[in-house]
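**Q** To be precise about what I am sending: the file is called protein-v9.txt and holds compact mmCIF, C-alpha atoms and all ligand atoms.
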# COMPACT_ATOMS: atom_id res chain seq x y z
CA MET P 221 140.53 -51.55 60.49
CA ILE P 222 137.90 -53.82 59.15
CA PRO P 223 134.38 -52.76 60.19
CA ASP P 224 133.72 -56.10 61.92
CA PHE P 225 136.54 -55.41 64.35
CA TRP P 226 134.87 -52.20 65.57
CA GLN P 227 131.35 -53.63 65.57
CA GLN P 228 132.61 -56.41 67.82
CA ARG P 229 134.37 -53.95 70.14
CA TRP P 230 131.08 -52.13 70.63
CA GLN P 231 129.09 -55.35 71.02
CA GLU P 232 131.49 -56.46 73.76
CA ASN P 233 131.59 -52.99 75.30
CA ASN P 234 135.36 -53.12 74.82
CA ILE P 235 135.67 -49.35 74.52
CA GLY P 236 138.66 -48.32 76.61
CA PHE P 237 139.10 -45.33 74.26
CA HIS P 238 135.84 -43.75 75.47
CA LEU P 239 136.21 -40.92 77.99
CA GLU P 240 133.51 -40.46 80.60
CA GLN P 241 133.89 -36.69 80.35
CA VAL P 242 134.60 -33.99 77.78
CA ASN P 243 138.19 -34.32 76.62
CA PRO P 244 140.23 -31.87 78.74
CA VAL P 245 142.46 -31.10 75.75
CA LEU P 246 139.44 -30.00 73.72
CA GLN P 247 138.22 -27.81 76.57
CA LYS P 248 141.65 -26.23 76.85
CA VAL P 249 142.26 -25.46 73.20
CA LEU P 250 138.83 -24.82 71.69
CA SER P 251 138.81 -21.10 72.49
CA ASN P 252 142.17 -20.81 70.76
CA VAL P 253 140.75 -22.55 67.69
CA LEU P 254 137.59 -20.45 67.66
CA SER P 255 139.50 -17.19 67.97
CA LYS P 256 141.26 -17.93 64.67
CA GLN P 257 138.01 -18.28 62.78
CA SER P 258 137.02 -15.27 60.76
CA GLN P 259 133.46 -16.34 60.08
CA GLU P 260 130.73 -17.10 62.54
CA TYR P 261 131.33 -20.57 63.90
CA SER P 262 129.18 -22.84 62.01
CA ARG P 263 129.98 -26.43 61.09
CA CYS P 264 132.09 -28.97 62.93
CA LEU P 265 132.80 -32.51 61.70
CA VAL P 266 133.73 -35.31 64.09
CA PRO P 267 134.90 -38.34 62.12
CA LEU P 268 134.72 -41.72 63.90
CA CYS P 269 132.93 -40.03 66.78
CA GLY P 270 131.98 -43.02 68.94
CA LYS P 271 129.66 -41.83 71.71
CA SER P 272 131.96 -39.04 72.77
CA HIS P 273 130.83 -36.36 75.23
CA ASP P 274 132.83 -33.97 73.04
CA LEU P 275 129.91 -33.90 70.57
CA VAL P 276 127.71 -32.16 73.12
CA TYR P 277 130.48 -29.76 74.11
CA LEU P 278 131.11 -28.87 70.46
CA ALA P 279 127.37 -28.40 69.89
CA LYS P 280 127.50 -25.51 72.36
CA HIS P 281 130.03 -23.72 70.16
CA PHE P 282 128.99 -24.62 66.62
CA LYS P 283 125.69 -24.21 64.83
CA HIS P 284 125.97 -27.72 63.41
CA VAL P 285 127.91 -30.71 64.64
CA VAL P 286 128.14 -33.72 62.35
CA GLY P 287 129.55 -37.05 63.51
CA ILE P 288 130.32 -40.16 61.48
CA GLU P 289 130.31 -43.51 63.26
CA LEU P 290 130.12 -47.10 62.12
CA SER P 291 128.42 -48.53 65.17
CA GLU P 292 124.71 -48.16 65.81
CA ILE P 293 125.31 -49.23 69.41
CA ALA P 294 127.60 -46.21 69.89
CA ILE P 295 125.04 -43.84 68.42
CA LEU P 296 122.09 -45.19 70.40
CA ASP P 297 124.17 -45.16 73.60
CA PHE P 298 125.17 -41.57 72.89
CA PHE P 299 121.58 -40.31 72.72
CA LYS P 300 120.53 -42.39 75.70
CA GLU P 301 123.42 -41.30 77.90
CA GLN P 302 122.98 -37.65 76.93
CA SER P 303 119.17 -37.91 77.41
CA LEU P 304 118.56 -36.52 73.94
CA ASP P 305 115.55 -37.29 71.74
CA TYR P 306 116.35 -37.93 68.11
CA SER P 307 114.78 -38.54 64.72
CA ILE P 308 116.06 -40.98 62.09
CA SER P 309 116.32 -40.59 58.33
CA ASP P 310 118.17 -42.39 55.52
CA GLU P 311 120.54 -40.94 52.99
CA ASP P 312 122.69 -42.92 50.53
CA ASN P 313 124.70 -45.37 52.63
CA TYR P 314 123.96 -43.76 55.97
CA LYS P 315 121.27 -43.79 58.59
CA ILE P 316 121.15 -40.27 60.04
CA TYR P 317 120.26 -39.59 63.67
CA THR P 318 119.39 -35.97 64.38
CA SER P 319 118.91 -34.22 67.70
CA ASN P 320 118.82 -30.42 67.72
CA ASN P 321 122.09 -29.30 66.12
CA ILE P 322 123.80 -32.71 66.31
CA LYS P 323 123.61 -35.08 63.34
CA LEU P 324 125.23 -38.49 63.56
CA TYR P 325 125.76 -40.45 60.35
CA GLN P 326 125.81 -44.14 61.02
CA GLY P 327 127.89 -45.93 58.40
CA ASP P 328 131.36 -46.18 56.94
CA PHE P 329 133.45 -43.01 56.88
CA PHE P 330 134.68 -43.90 53.39
CA GLU P 331 131.17 -43.97 51.89
CA ILE P 332 130.62 -40.31 51.15
CA SER P 333 127.00 -39.18 50.97
CA LYS P 334 125.77 -36.12 49.08
CA GLU P 335 124.59 -34.46 52.26
CA LEU P 336 127.91 -34.93 54.03
CA LYS P 337 129.86 -33.19 51.27
CA GLN P 338 130.13 -29.72 52.75
CA ASP P 339 132.83 -27.46 54.11
CA TYR P 340 133.44 -27.67 57.80
CA ASP P 341 135.00 -24.92 59.90
CA LEU P 342 136.50 -27.42 62.28
CA ILE P 343 137.35 -31.08 61.90
CA TYR P 344 137.91 -32.60 65.30
CA ASP P 345 139.98 -35.77 65.15
CA ARG P 346 140.42 -37.47 68.49
CA ALA P 347 141.34 -41.16 68.32
CA ALA P 348 140.24 -41.30 64.68
CA LEU P 349 143.41 -41.05 62.55
CA VAL P 350 145.15 -43.26 65.11
CA ALA P 351 142.32 -45.81 64.80
CA MET P 352 143.09 -46.21 61.08
CA PRO P 353 145.60 -48.87 60.05
CA LYS P 354 148.54 -47.48 58.08
CA GLU P 355 147.22 -48.58 54.69
CA LEU P 356 144.01 -46.54 55.14
CA ARG P 357 145.49 -43.33 56.55
CA GLN P 358 146.21 -41.66 53.22
CA ALA P 359 142.68 -42.39 51.96
CA TYR P 360 141.27 -41.09 55.24
CA VAL P 361 143.15 -37.79 54.96
CA ASP P 362 142.37 -37.51 51.22
CA THR P 363 138.67 -37.73 52.08
CA PHE P 364 138.99 -34.51 54.07
CA LYS P 365 141.06 -32.84 51.37
CA ASN P 366 138.59 -33.79 48.64
CA PHE P 367 135.24 -33.23 50.32
CA TYR P 368 135.23 -31.34 53.59
CA LEU P 369 137.68 -28.45 53.61
CA ASN P 370 137.54 -24.78 52.71
CA ASN P 371 140.42 -22.30 52.94
CA ASN P 372 139.63 -21.54 56.58
CA THR P 373 139.01 -25.03 57.89
CA GLN P 374 141.05 -26.00 60.89
CA ILE P 375 141.76 -29.59 61.80
CA LEU P 376 142.24 -30.18 65.49
CA LEU P 377 144.06 -33.48 65.70
CA ILE P 378 144.88 -35.35 68.90
CA ALA P 379 147.28 -38.15 68.02
CA LEU P 380 149.28 -40.74 69.93
CA SER P 381 152.83 -41.86 69.34
CA TYR P 382 154.79 -44.70 70.89
CA ASN P 383 157.19 -47.43 69.88
CA GLN P 384 154.96 -49.46 67.53
CA SER P 385 157.02 -52.61 68.14
CA GLU P 386 155.88 -52.58 71.79
CA MET P 387 152.15 -52.79 71.03
CA GLN P 388 150.05 -53.76 68.05
CA GLY P 389 147.27 -51.14 68.10
CA PRO P 390 144.75 -49.70 67.59
CA PRO P 391 145.40 -47.05 68.67
CA PHE P 392 148.30 -46.98 66.24
CA SER P 393 151.32 -44.79 66.66
CA VAL P 394 151.09 -41.82 64.28
CA ALA P 395 154.00 -39.45 64.88
CA PHE P 396 154.77 -36.01 63.48
CA ASP P 397 156.75 -37.31 60.45
CA GLU P 398 153.78 -39.28 59.21
CA ILE P 399 151.33 -36.46 59.88
CA ASN P 400 153.64 -34.19 57.91
CA MET P 401 153.69 -36.72 55.08
CA LEU P 402 149.88 -36.94 55.08
CA TYR P 403 149.10 -33.23 55.38
CA GLY P 404 152.36 -31.36 54.80
CA ASP P 405 151.95 -30.92 51.03
CA LYS P 406 149.46 -28.06 51.35
CA PHE P 407 148.93 -27.61 55.07
CA SER P 408 150.78 -25.98 57.90
CA ILE P 409 150.99 -28.14 60.98
CA THR P 410 151.36 -26.55 64.41
CA ILE P 411 151.98 -28.56 67.54
CA ILE P 412 150.06 -26.99 70.40
CA SER P 413 150.77 -29.51 73.13
CA LYS P 414 152.73 -32.67 73.71
CA THR P 415 152.23 -34.71 76.88
CA ASP P 416 153.46 -38.02 78.18
CA VAL P 417 150.19 -39.76 79.03
CA LEU P 418 151.39 -43.27 79.92
CA ALA P 419 150.68 -42.77 83.63
CA GLN P 420 147.03 -42.04 82.76
CA ALA P 421 146.79 -45.10 80.50
CA PRO P 422 147.59 -48.14 82.69
CA ARG P 423 146.05 -50.55 80.16
CA PHE P 424 148.75 -49.57 77.63
CA LYS P 425 151.47 -49.87 80.26
CA GLU P 426 150.24 -53.38 80.97
CA MET P 427 150.43 -54.13 77.24
CA GLY P 428 154.13 -53.28 77.30
CA LEU P 429 154.44 -49.59 76.41
CA ASN P 430 157.32 -47.69 77.97
CA LYS P 431 156.33 -44.28 76.62
CA LEU P 432 153.12 -42.85 75.20
CA GLU P 433 152.91 -39.31 73.91
CA GLU P 434 149.72 -37.46 73.13
CA THR P 435 150.30 -34.59 70.74
CA THR P 436 147.73 -32.00 69.74
CA TYR P 437 148.04 -30.37 66.34
CA ILE P 438 146.25 -27.60 64.50
CA ILE P 439 146.38 -28.20 60.77
CA GLN P 440 145.38 -25.50 58.28
CA LEU P 441 145.74 -24.80 54.58
CA ASN P 442 148.87 -22.77 53.84
C1 LIG P 501 139.08 -45.29 68.87
S1 LIG P 501 137.39 -45.00 68.64
C2 LIG P 501 137.31 -43.25 68.90
C3 LIG P 501 135.92 -42.74 69.14
C4 LIG P 501 135.83 -41.25 69.48
N1 LIG P 501 136.50 -40.41 68.53
C5 LIG P 501 136.31 -40.97 70.88
O1 LIG P 501 137.19 -40.12 71.04
O2 LIG P 501 135.79 -41.59 71.82
C6 LIG P 501 137.22 -45.17 66.90
C7 LIG P 501 135.78 -45.19 66.47
O3 LIG P 501 135.73 -45.20 65.04
C8 LIG P 501 134.69 -46.04 64.61
N2 LIG P 501 135.06 -46.45 63.24
C9 LIG P 501 136.11 -47.22 62.89
N3 LIG P 501 136.20 -47.32 61.55
C10 LIG P 501 135.19 -46.57 61.04
C11 LIG P 501 134.75 -46.26 59.73
N4 LIG P 501 135.37 -46.76 58.65
N5 LIG P 501 133.68 -45.45 59.57
C12 LIG P 501 133.03 -44.94 60.66
N6 LIG P 501 133.40 -45.20 61.93
C13 LIG P 501 134.46 -46.01 62.13
C14 LIG P 501 134.66 -47.16 65.62
O4 LIG P 501 133.40 -47.80 65.70
C15 LIG P 501 135.00 -46.40 66.92
O5 LIG P 501 133.83 -45.97 67.58
Spell out the structure here as structure tokens.
Ligand SMILES: C[S@@+](CC[C@H](N)C(=O)[O-])C[C@H]1O[C@@H](n2cnc3c(N)ncnc32)[C@H](O)[C@@H]1O

**A**
Amino acid sequence: MIPDFWQQRWQENNIGFHLEQVNPVLQKVLSNVLSKQSQEYSRCLVPLCGKSHDLVYLAKHFKHVVGIELSEIAILDFFKEQSLDYSISDEDNYKIYTSNNIKLYQGDFFEISKELKQDYDLIYDRAALVAMPKELRQAYVDTFKNFYLNNNTQILLIALSYNQSEMQGPPFSVAFDEINMLYGDKFSITIISKTDVLAQAPRFKEMGLNKLEETTYIIQLN
């Protein structure tokens, strides 16, 4: 999606994707994810993080939580709403907002900075892959493969699937077959839950959807 689209969504406060609580799926599955980690939990990356409450929840379980977000409005709202003080620094193409063990990189996900290039133990993708238009999804996934993964990294992906002809997106429909195409070359993909969430998403029902599935995956190197 072109950056202007998202900047405008934030300017207009058109952020129906934002949850006013920690994502219940994350709360349910995080202990399962953590139990599979051999090393001490350390670094978690949240691409396209918005102003999600999940950042604070993850910061209780990881030594470092790093978010990447285009919109300065989202980042400033996040610190204000969470009542967190922060400092600001600059690095390559990013402005970095730091508060305790949370660092938010404001800028484009595809502009990789030196400091960002590290292994993460967990990549938490909620409403991020499905926010990418089809033509950017391979580049998005390749960014993880090239810069952010070690042999033990787990990707916790919460994706949506629906009949794409019923609604334009974003969020786009990204079903198992496509996830397998994007990650299946070297990664094992485990489905840990699949739920019909249309009843909880009246705005999508109004837009014409007849079915909306939320699927949670754990993706790991083979
Ligand atoms: C659907 S929202 C999801 C936000 C968050 N993950 C959540 O669960 O609330 C997608 C977010 O990605 C941000 N975004 C879109 N394209 C981006 C890019 N290329 N680089 C960084 N952030 C981007 C948007 O500003 C928006 O906040």

**Q** Using only C-alpha atoms and all ligand atoms, which residues have at least one atom no more than 8 Å from ligand LIG 501 (chain P)? Output them as a PDB file with C-alpha atoms, keeping the file's coordinate frame.

**A**
ATOM      1  CA  MET P 221     140.530 -51.550  60.490  1.00  0.00           C
ATOM      2  CA  ILE P 222     137.900 -53.820  59.150  1.00  0.00           C
ATOM      3  CA  PRO P 223     134.380 -52.760  60.190  1.00  0.00           C
ATOM      4  CA  TRP P 226     134.870 -52.200  65.570  1.00  0.00           C
ATOM      5  CA  GLN P 227     131.350 -53.630  65.570  1.00  0.00           C
ATOM      6  CA  ARG P 229     134.370 -53.950  70.140  1.00  0.00           C
ATOM      7  CA  TRP P 230     131.080 -52.130  70.630  1.00  0.00           C
ATOM      8  CA  ILE P 235     135.670 -49.350  74.520  1.00  0.00           C
ATOM      9  CA  PHE P 237     139.100 -45.330  74.260  1.00  0.00           C
ATOM     10  CA  HIS P 238     135.840 -43.750  75.470  1.00  0.00           C
ATOM     11  CA  LEU P 239     136.210 -40.920  77.990  1.00  0.00           C
ATOM     12  CA  VAL P 266     133.730 -35.310  64.090  1.00  0.00           C
ATOM     13  CA  PRO P 267     134.900 -38.340  62.120  1.00  0.00           C
ATOM     14  CA  LEU P 268     134.720 -41.720  63.900  1.00  0.00           C
ATOM     15  CA  CYS P 269     132.930 -40.030  66.780  1.00  0.00           C
ATOM     16  CA  GLY P 270     131.980 -43.020  68.940  1.00  0.00           C
ATOM     17  CA  LYS P 271     129.660 -41.830  71.710  1.00  0.00           C
ATOM     18  CA  SER P 272     131.960 -39.040  72.770  1.00  0.00           C
ATOM     19  CA  HIS P 273     130.830 -36.360  75.230  1.00  0.00           C
ATOM     20  CA  ASP P 274     132.830 -33.970  73.040  1.00  0.00           C
ATOM     21  CA  ILE P 288     130.320 -40.160  61.480  1.00  0.00           C
ATOM     22  CA  GLU P 289     130.310 -43.510  63.260  1.00  0.00           C
ATOM     23  CA  LEU P 290     130.120 -47.100  62.120  1.00  0.00           C
ATOM     24  CA  SER P 291     128.420 -48.530  65.170  1.00  0.00           C
ATOM     25  CA  ALA P 294     127.600 -46.210  69.890  1.00  0.00           C
ATOM     26  CA  GLN P 326     125.810 -44.140  61.020  1.00  0.00           C
ATOM     27  CA  GLY P 327     127.890 -45.930  58.400  1.00  0.00           C
ATOM     28  CA  ASP P 328     131.360 -46.180  56.940  1.00  0.00           C
ATOM     29  CA  PHE P 329     133.450 -43.010  56.880  1.00  0.00           C
ATOM     30  CA  PHE P 330     134.680 -43.900  53.390  1.00  0.00           C
ATOM     31  CA  ASP P 345     139.980 -35.770  65.150  1.00  0.00           C
ATOM     32  CA  ARG P 346     140.420 -37.470  68.490  1.00  0.00           C
ATOM     33  CA  ALA P 347     141.340 -41.160  68.320  1.00  0.00           C
ATOM     34  CA  ALA P 348     140.240 -41.300  64.680  1.00  0.00           C
ATOM     35  CA  VAL P 350     145.150 -43.260  65.110  1.00  0.00           C
ATOM     36  CA  ALA P 351     142.320 -45.810  64.800  1.00  0.00           C
ATOM     37  CA  MET P 352     143.090 -46.210  61.080  1.00  0.00           C
ATOM     38  CA  PRO P 390     144.750 -49.700  67.590  1.00  0.00           C
ATOM     39  CA  PRO P 391     145.400 -47.050  68.670  1.00  0.00           C
TER      40      PRO P 391
END

**Q** Can you pull out every residue within 9 Å of P:Tyr277, counting all atoms listed in the file, but drop anything in the same chain fewer than 3 positions away, and send it as an MDAnalysis selection string?

**A** chainID P and resid 242 246:247 273:274 280:281

**Q** Give me, as a PyMOL selection string, all polymer residues having an atom no more than 12 Å from P:Ser309, counting only C-alpha atoms and skipping those fewer than 4 positions away in the same chain.

**A** chain P and resi 313-319+323-326+335

**Q** To one decimal in Å, tell me the separation between atom CA of P:Asn371 and atom CA of P:Thr410.

**A**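 Rounded to one decimal, the two atoms are 16.4 Å apart.
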
**Q** Env of stretch 431-437 of chain P: 8 Å cut, atoms = all atoms listed in the file, seq-sep filter 3 positions within chain, self excluded. Answer as a list in words.

**A**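 Listing them by chain and then by number gives Ile375, Leu376, Leu377, Ile378, Ala379, Leu380, Ser381, Tyr382, Asn383, Ile409, Thr410, Ile411, Ile412, Ser413, Lys414, Thr415, Asp416, Val417 and Leu418 of chain P.
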
**Q** Between atom CA of P:Val361 and atom CA of P:Leu265, what is the spacing in Å?

**A**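 So the answer is 13.4 Å.
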
**Q** When you draw a straight line from atom CA of P:Phe407 to atom CA of P:Cys264, how long is it in Å?

**A**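 Separating atom CA of P:Phe407 from atom CA of P:Cys264 is a distance of 18.6 Å.
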
**Q** Residues near P:Lys334, anyone? I mean within 12 Å using all atoms listed in the file, not counting same-chain ones fewer than 4 positions away, as a list in words.

**A**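 Contacts, with the query itself left out: Asp310, Glu311, Asp312, Asn313, Tyr314, Gln338, Phe367 and Tyr368 of chain P.
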
**Q** Choose the residue, out of P:Leu369, P:Ile322, P:Leu349, P:Ile399, that has the smallest atom-to-atom separation from P:Lys283; count all atoms listed in the file.

**A**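 Checking each candidate against P:Lys283, we get P:Ile322 as the closest.
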
**Q** Choose the residue, out of P:Leu356, P:Leu278, P:Ile438, P:Val285, that has the smallest atom-to-atom separation from P:Asn252; count all atoms listed in the file.

**A**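 Nearest to P:Asn252: P:Ile438.
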
**Q** Compare P:Ile295, P:Val245, P:Met387, P:Leu275 by their minimum atom-to-atom distance to P:Gly428, counting all atoms listed in the file, and give me the closest one.

**A**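 When distances to P:Gly428 are compared using all atoms listed in the file, the smallest one comes from P:Met387.
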
**Q** Have a look at P:Glu331, P:Gln384, P:Ile308, P:Glu301 and name the one nearest to P:Thr363; count all atoms listed in the file.

**A**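 Smallest separation from P:Thr363 among the options: P:Glu331.
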
**Q** Take the point (139.7, -26.2, 59.5) in the file's coordinates, draw a sphere of radius 8 Å around it, and report as a list of chain:residue names every protein, DNA or RNA residue with an atom inside or on it, counting all atoms listed in the file.

**A**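 Within 8 Å of (139.7, -26.2, 59.5), the protein and nucleic acid residues are P:Tyr340, P:Asp341, P:Leu342, P:Ile343, P:Leu369, P:Asn370, P:Asn371, P:Asn372, P:Thr373, P:Gln374, P:Ile375, P:Leu376, P:Ile439, P:Gln440, P:Leu441.
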
**Q** Might I get the box with edges along x, y and z of the file that holds all atoms of stretch 352-360 of chain P listed there, padded by 4 Å on every side, given as centre and edge lengths in Å to one decimal, as lines of an AutoDock Vina configuration file?

**A**
center_x = 144.9
center_y = -45.0
center_z = 56.5
size_x = 15.3
size_y = 15.8
size_z = 17.1

**Q** How would stretch 271-298 of chain P read, as a PDB file, in the frame of the given file, once N, CA and C atoms are built in?

**A**
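Result file follows (result.pdb):
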ATOM      1  N   LYS P 271     130.771 -42.450  70.951  1.00  0.00           N
ATOM      2  CA  LYS P 271     129.660 -41.830  71.710  1.00  0.00           C
ATOM      3  C   LYS P 271     130.231 -40.704  72.572  1.00  0.00           C
ATOM      4  N   SER P 272     131.173 -39.994  71.999  1.00  0.00           N
ATOM      5  CA  SER P 272     131.960 -39.040  72.770  1.00  0.00           C
ATOM      6  C   SER P 272     131.131 -37.881  73.353  1.00  0.00           C
ATOM      7  N   HIS P 273     131.434 -37.540  74.599  1.00  0.00           N
ATOM      8  CA  HIS P 273     130.830 -36.360  75.230  1.00  0.00           C
ATOM      9  C   HIS P 273     131.241 -35.081  74.502  1.00  0.00           C
ATOM     10  N   ASP P 274     132.332 -35.160  73.750  1.00  0.00           N
ATOM     11  CA  ASP P 274     132.830 -33.970  73.040  1.00  0.00           C
ATOM     12  C   ASP P 274     131.786 -33.449  72.048  1.00  0.00           C
ATOM     13  N   LEU P 275     130.924 -34.340  71.542  1.00  0.00           N
ATOM     14  CA  LEU P 275     129.910 -33.900  70.570  1.00  0.00           C
ATOM     15  C   LEU P 275     128.998 -32.847  71.183  1.00  0.00           C
ATOM     16  N   VAL P 276     128.622 -33.093  72.441  1.00  0.00           N
ATOM     17  CA  VAL P 276     127.710 -32.160  73.120  1.00  0.00           C
ATOM     18  C   VAL P 276     128.438 -30.846  73.417  1.00  0.00           C
ATOM     19  N   TYR P 277     129.683 -30.963  73.822  1.00  0.00           N
ATOM     20  CA  TYR P 277     130.480 -29.760  74.110  1.00  0.00           C
ATOM     21  C   TYR P 277     130.632 -28.923  72.822  1.00  0.00           C
ATOM     22  N   LEU P 278     130.935 -29.593  71.736  1.00  0.00           N
ATOM     23  CA  LEU P 278     131.110 -28.870  70.460  1.00  0.00           C
ATOM     24  C   LEU P 278     129.787 -28.243  70.007  1.00  0.00           C
ATOM     25  N   ALA P 279     128.682 -28.916  70.314  1.00  0.00           N
ATOM     26  CA  ALA P 279     127.370 -28.400  69.890  1.00  0.00           C
ATOM     27  C   ALA P 279     127.022 -27.087  70.591  1.00  0.00           C
ATOM     28  N   LYS P 280     127.727 -26.795  71.682  1.00  0.00           N
ATOM     29  CA  LYS P 280     127.500 -25.510  72.360  1.00  0.00           C
ATOM     30  C   LYS P 280     128.237 -24.380  71.639  1.00  0.00           C
ATOM     31  N   HIS P 281     129.180 -24.737  70.804  1.00  0.00           N
ATOM     32  CA  HIS P 281     130.030 -23.720  70.160  1.00  0.00           C
ATOM     33  C   HIS P 281     129.842 -23.623  68.659  1.00  0.00           C
ATOM     34  N   PHE P 282     129.203 -24.627  68.072  1.00  0.00           N
ATOM     35  CA  PHE P 282     128.990 -24.620  66.620  1.00  0.00           C
ATOM     36  C   PHE P 282     127.494 -24.713  66.328  1.00  0.00           C
ATOM     37  N   LYS P 283     127.114 -24.131  65.186  1.00  0.00           N
ATOM     38  CA  LYS P 283     125.690 -24.210  64.830  1.00  0.00           C
ATOM     39  C   LYS P 283     125.304 -25.634  64.470  1.00  0.00           C
ATOM     40  N   HIS P 284     126.241 -26.338  63.815  1.00  0.00           N
ATOM     41  CA  HIS P 284     125.970 -27.720  63.410  1.00  0.00           C
ATOM     42  C   HIS P 284     127.157 -28.603  63.769  1.00  0.00           C
ATOM     43  N   VAL P 285     126.865 -29.726  64.368  1.00  0.00           N
ATOM     44  CA  VAL P 285     127.910 -30.710  64.640  1.00  0.00           C
ATOM     45  C   VAL P 285     127.510 -32.007  63.945  1.00  0.00           C
ATOM     46  N   VAL P 286     128.416 -32.514  63.130  1.00  0.00           N
ATOM     47  CA  VAL P 286     128.140 -33.720  62.350  1.00  0.00           C
ATOM     48  C   VAL P 286     129.151 -34.789  62.751  1.00  0.00           C
ATOM     49  N   GLY P 287     128.663 -35.937  63.170  1.00  0.00           N
ATOM     50  CA  GLY P 287     129.550 -37.050  63.510  1.00  0.00           C
ATOM     51  C   GLY P 287     129.368 -38.184  62.525  1.00  0.00           C
ATOM     52  N   ILE P 288     130.424 -38.949  62.313  1.00  0.00           N
ATOM     53  CA  ILE P 288     130.320 -40.160  61.480  1.00  0.00           C
ATOM     54  C   ILE P 288     130.799 -41.331  62.322  1.00  0.00           C
ATOM     55  N   GLU P 289     129.983 -42.367  62.386  1.00  0.00           N
ATOM     56  CA  GLU P 289     130.310 -43.510  63.260  1.00  0.00           C
ATOM     57  C   GLU P 289     129.703 -44.782  62.679  1.00  0.00           C
ATOM     58  N   LEU P 290     130.531 -45.803  62.654  1.00  0.00           N
ATOM     59  CA  LEU P 290     130.120 -47.100  62.120  1.00  0.00           C
ATOM     60  C   LEU P 290     129.058 -47.786  62.967  1.00  0.00           C
ATOM     61  N   SER P 291     129.208 -47.668  64.277  1.00  0.00           N
ATOM     62  CA  SER P 291     128.420 -48.530  65.170  1.00  0.00           C
ATOM     63  C   SER P 291     127.097 -47.892  65.598  1.00  0.00           C
ATOM     64  N   GLU P 292     126.028 -48.629  65.349  1.00  0.00           N
ATOM     65  CA  GLU P 292     124.710 -48.160  65.810  1.00  0.00           C
ATOM     66  C   GLU P 292     124.642 -48.188  67.331  1.00  0.00           C
ATOM     67  N   ILE P 293     125.311 -49.154  67.934  1.00  0.00           N
ATOM     68  CA  ILE P 293     125.310 -49.230  69.410  1.00  0.00           C
ATOM     69  C   ILE P 293     125.871 -47.933  69.978  1.00  0.00           C
ATOM     70  N   ALA P 294     126.973 -47.450  69.403  1.00  0.00           N
ATOM     71  CA  ALA P 294     127.600 -46.210  69.890  1.00  0.00           C
ATOM     72  C   ALA P 294     126.620 -45.051  69.788  1.00  0.00           C
ATOM     73  N   ILE P 295     125.932 -44.979  68.660  1.00  0.00           N
ATOM     74  CA  ILE P 295     125.040 -43.840  68.420  1.00  0.00           C
ATOM     75  C   ILE P 295     123.828 -43.893  69.361  1.00  0.00           C
ATOM     76  N   LEU P 296     123.252 -45.067  69.504  1.00  0.00           N
ATOM     77  CA  LEU P 296     122.090 -45.190  70.400  1.00  0.00           C
ATOM     78  C   LEU P 296     122.492 -44.920  71.847  1.00  0.00           C
ATOM     79  N   ASP P 297     123.668 -45.424  72.231  1.00  0.00           N
ATOM     80  CA  ASP P 297     124.170 -45.160  73.600  1.00  0.00           C
ATOM     81  C   ASP P 297     124.369 -43.665  73.807  1.00  0.00           C
ATOM     82  N   PHE P 298     124.907 -43.011  72.771  1.00  0.00           N
ATOM     83  CA  PHE P 298     125.170 -41.570  72.890  1.00  0.00           C
ATOM     84  C   PHE P 298     123.879 -40.828  73.249  1.00  0.00           C
TER      85      PHE P 298
END
